[in-house]
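Student: Before we start, here is the structure in question, set down as structure tokens.
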Amino acid sequence: MSEAFLSGLLQLSSDAVSLCDAEMRVMRINRAFGNILGYEEGQLAGRPLLDLARTCNDPSLFVAISQALETAGRWEGELACTARNGSIYHADASLLRTESGVILLLKDLFRQGEDATLSGQHDPLTGLPNQYLLKDRLEQALAVARRGCHSVAVLIFGVDHFTRINDGLGHHIGDQVLMEVAQRLRGSIRRSDTVARFDGDRFVLLLSMRAANDTTRVLEKILKAVNMPMEIAGQTLAVTASIGVSIYPQDTDIGTGLMQRSNSAMLYAKKAGRNGFQFFSEEMNARARQQIGLENGLRRALADGQFVLFYQPKVELQSGRIVGAEALVRWQHPERGLVGPSEFIPVAEECGLIVELGDWVTAEACRQAAAWRRSGLPLLRVSVNMSAPQFRAGNLVESITERLSQYDLPGEALELEITESMLLGHEEPIRQRLSALRERGVYVSIDDFGTGYSSLAYLSRFPITTLKIDRSFVQDLAVNQSTAEIARAIIGLSRGLELEVVAEGVESAEHVAFLLENGCTTVQGFYYSQPVPAAAFEKLVRGGGYRALGERTTGAG
Ligand code: C2E
Ligand code: CA
Ligand code: CA
């Protein structure tokens with residue numbers, strides 16, 4: 001059969017056909033394929049065929065497909081595909097491996113959901129109305145409410161820590177989570193109400209209310225539905241969300257105003273600890289303005305050098321020697337005085353300033369460590385806290401290396417404190433990054449250990465050096481038997497894995513006694529010292545640290 005004959009046959013077929021190379025990249029599509037799914041021939045050329053199906057099928061399907069093609073040379077089954085306008089089609093699909101590549105044939109295509117015809121108004125991933133259609137629906141809902149003299153609740157729903165899911169477990173899982181959330185939201189409200197995908201991890205719900213106090217019940221129902229464990233790609237995920245609510249007409253009668261107020265309320269719900277809802281209040285508006293002021297202030301502070309580092313000693317329990325310091329940033333505010341990190345680190349993370357701030361902290365800690373070395377202070381290791389965006393930045397290893405050589409410091413002089421969640425997902429690149437840091441001698445500790453994703457398996461897989469027992473465990477030692485057990489277990493674990501262990505938040509002689517008895521080597525906490533300015537820290541070290549076995553010296557304390 002000639003090439004021309006085959007090509008003619010292909011074009012005449014009313015089934016959608018795509019010819020791919022051995023890597024399953026699209027080489028050609030026939031007319032039916034183009035017509036139904038809205039693609040032009042050239043648009044798909046070279047793209048992985050399964051990209052069209054990536055977001056609307058169960059991920060295990062792709063494993064099944066590639067296995068079947070590998071072993072049997074063909075696969076048949078139902079496959080969903082995304083059309084160019086974002087609507088989703090279902091089809092009976094056949095995939096056949098040939099000598100030169102793979103052929104895909106789609107029969108009996110039908111579109112999912114009827115309203116998907118409104119191309120450009122629906123979100124391709126979830127099939128929900130997108131923000132353009134939402135705008136119409138909101139105006140409609142307000143018009144109906146105006147006539148009927150009832151109220152409308154506008155809910156903005158944000159998935160908690162969605163970037164953690166996305167970055168940690170991969171976009172593919174992130175997409176599945178959003179699809180599942182969309183379904184659960186749809187299932188929690190009346191058919192006549194609207195749920196739309198606003199953007200990223202935010203959804204908007206419009207609930208028409210005969211009586212405003214209905215809302216709380218619906219909010220509880222929604223949160224409950226979303227909290228149910230999700231089975232995604234063979235893992236069980238616990239997803240929570242924060243919801244902000246504003247009410248027409250009591251908060252305002254303008255659509256955009258309602259959206260803004262709901263959004264402020266949602267941010268408020270996130271700040272209040274997530275997994276909950278907040279109704280808008282006027283006080284939040286004031287706070288939103290304050291937040292913007294804080295962001296601008298932080299930018300100025302970086303430019304004007306208003307940040308300072310305080311140092312908290314890490315003490316070797318047996319000997320009482322100071323063996324290191326944790327550098328903790330403070331903001332020397334021109335009017336407000338010293339501002340603590342919990343007030344501005346979250347804001348810096350939100351507005352993207354954290355990477356720059358983190359780099360400043362590393363540089364300053366290196367500069368100080370080098371100065372102490374030059375002045376003959378005993379060799380100390382200084383640790384700095386990493387935030388997630390900083391740890392993920394592509395140039396982390398280079399920028400740390402550069403700082404070390406700029407101040408002529410050996411890697412052993414520096415320790416990075418990271419949290420458990422930063423190790424999630426993309427295991428291999430993270431491992432390489434940690435190995436590169438370790439090769440340069442830099443220490444890496446897991447901060448707040450025990451409070452995060454308690455998957456202990458990673459501990460042995462990553463080249464980390466230290467566990468820091470979270471202060472919540474230390475502080476409950478005396479009153480809570482199971483907390484004491486956890487602290488003991490962490491100490492045992494670190495011994496087994498030959499890691500250093502540091503207990504934070506040590507505040508009393510009781511804490512010291514317990515930790516000593518259970519084999520913890522190093523501690524940090526107010527019992528010994530608060531974080532103090534560099535000069536004061538230097539004095540502590542020169543004073544000889546602390547007396548052995550946890551007694552405070554008179555000279556240095
Ligand atoms: P963290 O890393 O857990 O730091 C320890 C915090 O516990 C410090 O609070 C310290 O003052 C406090 N602390 C130490 N000993 C005790 C004690 O015995 N009892 C009690 N109740 N608290 C104690 P701080 O300095 O306010 O820092 C809070 C958090 O801010 C830090 O928690 C860390 O997550 C973050 N942070 C601080 N500096 C930086 C920084 O340079 N970069 C980043 N990304 N985060 C930072
Ligand atoms: Ca820390
Ligand atoms: Ca900590």
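By order in the structure tokens, chains are A, B, ...; within a chain, residues start at 1; ligands start at 1, following the order shown.
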Taking only range 98-325 of chain A into account, list the residues labelled strand (DSSP E or B) by DSSP (computed from the backbone), as a ChimeraX atom specification.
Tutor: /A:102-111,122,129,151-159,194-199,202-209,230-232,235-237,241-248,276-279,307-316,322-325
Student: Could you list, as an NGL selection string, all residues that come within 8 Å of ligand 1? Count only C-alpha atoms and all ligand atoms.
Tutor: :A and (309-310 or 312 or 326-330 or 340-342 or 345 or 354 or 357-358 or 361-362 or 384-388 or 417 or 447-448 or 470-471 or 475 or 504-507 or 524-527 or 529-531)
Student: From a DSSP calculation on the backbone, collect every residue of range 154-256 of chain A in helix (DSSP H, G or I) and output the set as a ChimeraX atom specification.
Tutor: /A:162-169,171-188,214-227,255-256
Student: Of the candidates A:Val245, A:Leu52, A:Val17, A:Leu9, which shows the shortest atom-to-atom distance to Ala93 in chain A, using only C-alpha atoms?
Tutor: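 Of A:Val245, A:Leu52, A:Val17, A:Leu9, the one nearest Ala93 in chain A is A:Val17, counting only C-alpha atoms.
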Student: For ligand 2, which residue among A:Asn518, A:Ser100, A:Thr419, A:Thr451 is the nearest when counting only C-alpha atoms and all ligand atoms?
Tutor: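 Among the listed residues, the smallest separation from ligand 2 belongs to A:Thr419.
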Student: To one decimal in Å, tell me the separation between CA of Glu427 in chain A and CA of Gly168 in chain A.
Tutor: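 Between CA of Glu427 in chain A and CA of Gly168 in chain A the gap is 9.0 Å.
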Student: Quick one: of A:Gly38, A:Pro389, A:Leu437, A:Pro378, who's nearest to Gly543 in chain A, counting only C-alpha atoms?
Tutor: A:Pro378
Student: Per residue of range 307-377 of chain A within 12 Å of range 266-290 of chain A, note the shortest atom pair and the distance in Å to one decimal, counting only C-alpha atoms, and order the rows by chain and increasing residue number, as a tab-separated table.
Tutor:
```
residue	atom	partner	partner_atom	distance
A:Ser342	CA	A:Lys271	CA	11.7
A:Glu343	CA	A:Lys271	CA	11.4
A:Pro346	CA	A:Lys271	CA	9.5
A:Val347	CA	A:Lys271	CA	10.8
A:Glu350	CA	A:Leu267	CA	11.0
```
Student: With distances taken over only C-alpha atoms and all ligand atoms, which residue among A:Gly452, A:Gly544, A:Pro533, A:Pro48 lies nearest ligand 3?
Tutor: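 Distance minimum relative to ligand 3 lands on A:Gly452.
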Student: Using only C-alpha atoms, which protein or nucleic acid residues come within 12 Å of range 72-74 of chain A? Drop anything in the same chain fewer than 4 positions from it, and give the result as a PyMOL selection string.
Tutor: chain A and resi 22+64-68+93-99+101-105
Student: Check the smallest atom-to-atom distance from each of A:Asp214, A:Glu415, A:Glu517, A:Glu439 to ligand 2 using only C-alpha atoms and all ligand atoms, then report the winner.
Tutor: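 Closest to ligand 2, using only C-alpha atoms and all ligand atoms: A:Glu415.
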Student: Would you mind listing what lies within 8 Å of Leu128 in chain A as a PyMOL selection string, with only C-alpha atoms counted and same-chain residues fewer than 6 positions away left out?
Tutor: chain A and resi 122+182+195-197
Student: Taking a cut-off of 10 Å and counting only C-alpha atoms, can you build a table that, for each residue of range 235-317 of chain A near range 171-177 of chain A, reports the nearest atom pair and how far apart they are in Å (one decimal), sorted by chain then residue number, as a Markdown table?
Tutor:
```
| residue | atom | partner | partner_atom | distance |
| --- | --- | --- | --- | --- |
| A:Gln235 | CA | A:Ile173 | CA | 9.8 |
| A:Leu237 | CA | A:Val177 | CA | 8.8 |
| A:Val239 | CA | A:Val177 | CA | 8.3 |
```
